[in-house]
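Chemist: Structure below; questions to follow.
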Amino acid sequence: MERFENCHPTNSIGKIADELTGWLGIAEAAARDAGEFLAESKASDIIVTAQLERDVKLKNDLESEKRIISVLQKSSRFSILSEESGMIENGAKNQKLRWIVDPLDGSVNYINSLPLSCVSIGLWNMDEPVLGAVYDFNHNEMFTGIVGRGSWVNGLPMKVTQTADRRRAILCTGFPVGSDFSIDAIRYFCEQIRDYKKVRLLGSAALSLCYVAAGRVDAYFERGIKIWDVAAGLAVVLGAGGRVTRLLSPQLDTLTVYANNSLLPVPCL
Ligand code: IPD
Ligand code: CA
């Protein structure tokens, strides 16, 4: 059965708050290293290893992931959940904390030279986002956030917008791999998005969330998104004063997420 709940707006691991900045630094270093590798790969180096129905897998996904895992394992003992490798247990003392990694979000954009892709690394405490780093290597923008503390782009503080009316708001959304494209599902989707002034499908959930945090758009919604696509971005939205509502599905790695500036009404998910 689906479970509907809000993410906690304040950091639930206050006791170890002094370490948060250090962990954010680790996530940032890993994201930057992988992002620089992805940015330097020439179009001719991009090898598609699997063409799935509405998804692709690239050799660079794996290489990026290898680099990230190496940095994270060198600097911390938390387990790692990563898109390509699944769960990697690290024998950590604190089993509640885990890194959640997307080595390349926006893969289809990446192979088509659409400059909207990034590396995304979040740290979660059980089911709650704690912090995140999202590196947009096309624009050299490093988005970071710590829940309850703040969010930054290249070190400068970010804040969500003040828009309270959907008719004046911009929504980012998308169709995850495995979306239901039946007429009924599309009709329901249209009902959920039609009140917004503008709707954008950027092809990167992580960047869409960072743009909510940066006040570039007002809200993000996606049904059935994978946890690694949003793990870091949700922490960045919360750090910037936004609100996150989600439905946890029986598949623990899949969510329905609505994130906004905390003034817009929450739709029926
Ligand atoms: C995709 C992007 C996209 C979302 C898809 C994801 P990927 O991630 O986040 O915005 O709509 O559901 O799969 O495959 O490029 O890592
Ligand atoms: Ca990915």
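Here, A, B, ... name the chains of the structure tokens in the order displayed, residue numbers run from 1 inside each chain, and ligands are numbered from 1 in the same displayed order.
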Per residue of chain A within 8 Å of ligand 2, what are the shortest atom pair and its distance in Å to one decimal, counting only C-alpha atoms and all ligand atoms, with rows by chain and residue number, as JSON lines?
Modeler:
```
{"residue": "A:Asp61", "atom": "CA", "partner": "ligand 2", "partner_atom_place_in_ligand_line": "1 (Ca)", "distance": 6.9}
{"residue": "A:Glu83", "atom": "CA", "partner": "ligand 2", "partner_atom_place_in_ligand_line": "1 (Ca)", "distance": 6.2}
{"residue": "A:Glu84", "atom": "CA", "partner": "ligand 2", "partner_atom_place_in_ligand_line": "1 (Ca)", "distance": 7.8}
{"residue": "A:Asp102", "atom": "CA", "partner": "ligand 2", "partner_atom_place_in_ligand_line": "1 (Ca)", "distance": 5.0}
{"residue": "A:Pro103", "atom": "CA", "partner": "ligand 2", "partner_atom_place_in_ligand_line": "1 (Ca)", "distance": 5.8}
{"residue": "A:Leu104", "atom": "CA", "partner": "ligand 2", "partner_atom_place_in_ligand_line": "1 (Ca)", "distance": 4.3}
{"residue": "A:Asp105", "atom": "CA", "partner": "ligand 2", "partner_atom_place_in_ligand_line": "1 (Ca)", "distance": 4.2}
{"residue": "A:Gly106", "atom": "CA", "partner": "ligand 2", "partner_atom_place_in_ligand_line": "1 (Ca)", "distance": 6.6}
{"residue": "A:Ser107", "atom": "CA", "partner": "ligand 2", "partner_atom_place_in_ligand_line": "1 (Ca)", "distance": 6.1}
{"residue": "A:Trp228", "atom": "CA", "partner": "ligand 2", "partner_atom_place_in_ligand_line": "1 (Ca)", "distance": 7.6}
{"residue": "A:Asp229", "atom": "CA", "partner": "ligand 2", "partner_atom_place_in_ligand_line": "1 (Ca)", "distance": 6.8}
```
Chemist: Would you mind exporting the chosen residues as an mmCIF file, in the first residue's frame, restricted to N, CA and C atoms?
Modeler:
```
data_model
loop_
_atom_site.group_PDB
_atom_site.id
_atom_site.type_symbol
_atom_site.label_atom_id
_atom_site.label_comp_id
_atom_site.auth_asym_id
_atom_site.auth_seq_id
_atom_site.Cartn_x
_atom_site.Cartn_y
_atom_site.Cartn_z
ATOM 1 N N ASP A 61 28.124 6.117 -17.383
ATOM 2 C CA ASP A 61 27.393 5.954 -16.117
ATOM 3 C C ASP A 61 28.248 5.151 -15.144
ATOM 4 N N GLU A 83 22.567 3.969 -8.523
ATOM 5 C CA GLU A 83 21.687 3.529 -9.617
ATOM 6 C C GLU A 83 22.193 2.280 -10.323
ATOM 7 N N GLU A 84 23.472 2.261 -10.646
ATOM 8 C CA GLU A 84 23.968 1.147 -11.467
ATOM 9 C C GLU A 84 24.347 -0.083 -10.641
ATOM 10 N N ASP A 102 23.163 9.096 -7.943
ATOM 11 C CA ASP A 102 22.893 8.964 -9.379
ATOM 12 C C ASP A 102 24.126 9.488 -10.106
ATOM 13 N N PRO A 103 24.905 8.586 -10.717
ATOM 14 C CA PRO A 103 26.161 9.013 -11.341
ATOM 15 C C PRO A 103 25.954 9.883 -12.575
ATOM 16 N N LEU A 104 24.750 9.840 -13.143
ATOM 17 C CA LEU A 104 24.432 10.704 -14.289
ATOM 18 C C LEU A 104 22.913 10.833 -14.365
ATOM 19 N N ASP A 105 22.397 11.985 -14.003
ATOM 20 C CA ASP A 105 20.956 12.200 -14.143
ATOM 21 C C ASP A 105 20.747 13.066 -15.381
ATOM 22 N N GLY A 106 19.811 12.637 -16.210
ATOM 23 C CA GLY A 106 19.617 13.326 -17.486
ATOM 24 C C GLY A 106 20.433 12.646 -18.578
ATOM 25 N N SER A 107 20.436 11.310 -18.559
ATOM 26 C CA SER A 107 21.299 10.560 -19.512
ATOM 27 C C SER A 107 20.920 10.815 -20.971
ATOM 28 N N TRP A 228 17.224 7.571 -6.476
ATOM 29 C CA TRP A 228 18.523 8.197 -6.757
ATOM 30 C C TRP A 228 18.377 9.449 -7.620
ATOM 31 N N ASP A 229 17.286 9.541 -8.393
ATOM 32 C CA ASP A 229 17.081 10.745 -9.217
ATOM 33 C C ASP A 229 16.772 11.968 -8.345
#
```
Chemist: Given a cut-off of 9 Å, what residues near ligand 1 show up using only C-alpha atoms and all ligand atoms, put as a ChimeraX atom specification?
Modeler: /A:54-57,61,83,102-110,117-118,173-179,201-208,222-226,228-230
Chemist: Next, write the just-selected residues to a file, as a tab-separated table (two decimals), in the first residue's frame, keeping C-alpha atoms as the atom set.
Modeler:
```tsv
chain	number	residue	atom	x	y	z
A	54	ARG	CA	12.41	4.55	-22.76
A	55	ASP	CA	15.83	4.51	-21.10
A	56	VAL	CA	19.50	4.21	-22.00
A	57	LYS	CA	22.57	2.96	-20.15
A	61	ASP	CA	27.39	5.95	-16.12
A	83	GLU	CA	21.69	3.53	-9.62
A	102	ASP	CA	22.89	8.96	-9.38
A	103	PRO	CA	26.16	9.01	-11.34
A	104	LEU	CA	24.43	10.70	-14.29
A	105	ASP	CA	20.96	12.20	-14.14
A	106	GLY	CA	19.62	13.33	-17.49
A	107	SER	CA	21.30	10.56	-19.51
A	108	VAL	CA	19.20	11.08	-22.63
A	109	ASN	CA	20.01	14.80	-22.55
A	110	TYR	CA	23.69	13.90	-22.12
A	117	SER	CA	22.44	16.70	-16.94
A	118	CYS	CA	24.26	16.35	-13.65
A	173	THR	CA	7.71	17.53	-14.21
A	174	GLY	CA	8.59	14.42	-16.23
A	175	PHE	CA	7.75	10.90	-17.25
A	176	PRO	CA	9.98	8.39	-15.46
A	177	VAL	CA	11.06	5.14	-17.03
A	178	GLY	CA	8.10	2.78	-16.66
A	179	SER	CA	5.48	5.55	-16.74
A	201	LEU	CA	10.00	18.87	-18.71
A	202	LEU	CA	13.76	19.28	-18.36
A	203	GLY	CA	14.74	15.59	-18.45
A	204	SER	CA	16.65	15.78	-15.17
A	205	ALA	CA	14.75	15.38	-11.92
A	206	ALA	CA	17.78	16.38	-9.85
A	207	LEU	CA	18.21	19.67	-11.70
A	208	SER	CA	14.45	20.35	-11.65
A	222	GLU	CA	6.89	13.33	-10.72
A	223	ARG	CA	5.06	10.04	-10.29
A	224	GLY	CA	7.13	6.85	-9.92
A	225	ILE	CA	10.54	8.51	-9.90
A	226	LYS	CA	13.57	6.53	-8.70
A	228	TRP	CA	18.52	8.20	-6.76
A	229	ASP	CA	17.08	10.74	-9.22
A	230	VAL	CA	15.71	12.88	-6.34
```
Chemist: Per residue of segment 74-174 of chain A within 8 Å of segment 182-196 of chain A, what are the shortest atom pair and its distance in Å to one decimal, counting only C-alpha atoms, with rows by chain and residue number, as CSV?
Modeler:
```
residue,atom,partner,partner_atom,distance
A:Arg166,CA,A:Tyr196,CA,4.8
A:Arg167,CA,A:Tyr196,CA,4.9
A:Arg168,CA,A:Tyr196,CA,6.7
A:Ala169,CA,A:Tyr196,CA,5.6
A:Ile170,CA,A:Tyr196,CA,6.2
A:Leu171,CA,A:Tyr196,CA,6.6
```
Chemist: Running DSSP on the backbone, which parts of segment 35-144 of chain A land in helix (DSSP H, G or I), as a PyMOL selection string?
Modeler: chain A and resi 35-40+43-45+59-75+107-111
Chemist: Extract, using only C-alpha atoms, all DNA, RNA and protein residues at most 7 Å from segment 122-130 of chain A, discarding same-chain residues fewer than 2 positions from it, and format them as a PDB file with C-alpha atoms, in the first residue's frame.
Modeler:
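Final output, part_32.pdb:
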```
ATOM      1  CA  CYS A   7       9.619  15.071   4.618  1.00  0.00           C
ATOM      2  CA  ASN A  11      17.247  17.932  10.334  1.00  0.00           C
ATOM      3  CA  LYS A  96      20.980   4.443   9.380  1.00  0.00           C
ATOM      4  CA  LEU A  97      22.950   6.823   7.184  1.00  0.00           C
ATOM      5  CA  ARG A  98      23.425   5.980   3.520  1.00  0.00           C
ATOM      6  CA  TRP A  99      24.634   7.720   0.424  1.00  0.00           C
ATOM      7  CA  ILE A 100      22.195   7.663  -2.499  1.00  0.00           C
ATOM      8  CA  VAL A 101      23.917   8.222  -5.827  1.00  0.00           C
ATOM      9  CA  SER A 120      23.616  13.740  -7.838  1.00  0.00           C
ATOM     10  CA  GLY A 132      22.823  16.678  -1.007  1.00  0.00           C
ATOM     11  CA  ALA A 133      25.184  17.853  -3.726  1.00  0.00           C
ATOM     12  CA  ILE A 146      21.652  20.681   4.276  1.00  0.00           C
ATOM     13  CA  VAL A 147      18.132  20.152   5.618  1.00  0.00           C
ATOM     14  CA  ALA A 231      17.678  11.972  -3.183  1.00  0.00           C
ATOM     15  CA  ALA A 232      20.058  14.931  -3.275  1.00  0.00           C
ATOM     16  CA  LEU A 234      15.035  16.867  -2.093  1.00  0.00           C
ATOM     17  CA  ALA A 235      17.613  17.830   0.546  1.00  0.00           C
TER      18      ALA A 235
END
```
Chemist: Nearest to Asp33 of chain A: which of A:Leu20, A:Ile47, A:Val119, A:Leu114 is it, counting only C-alpha atoms?
Modeler: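 The shortest atom-to-atom distance to Asp33 of chain A comes from A:Val119.
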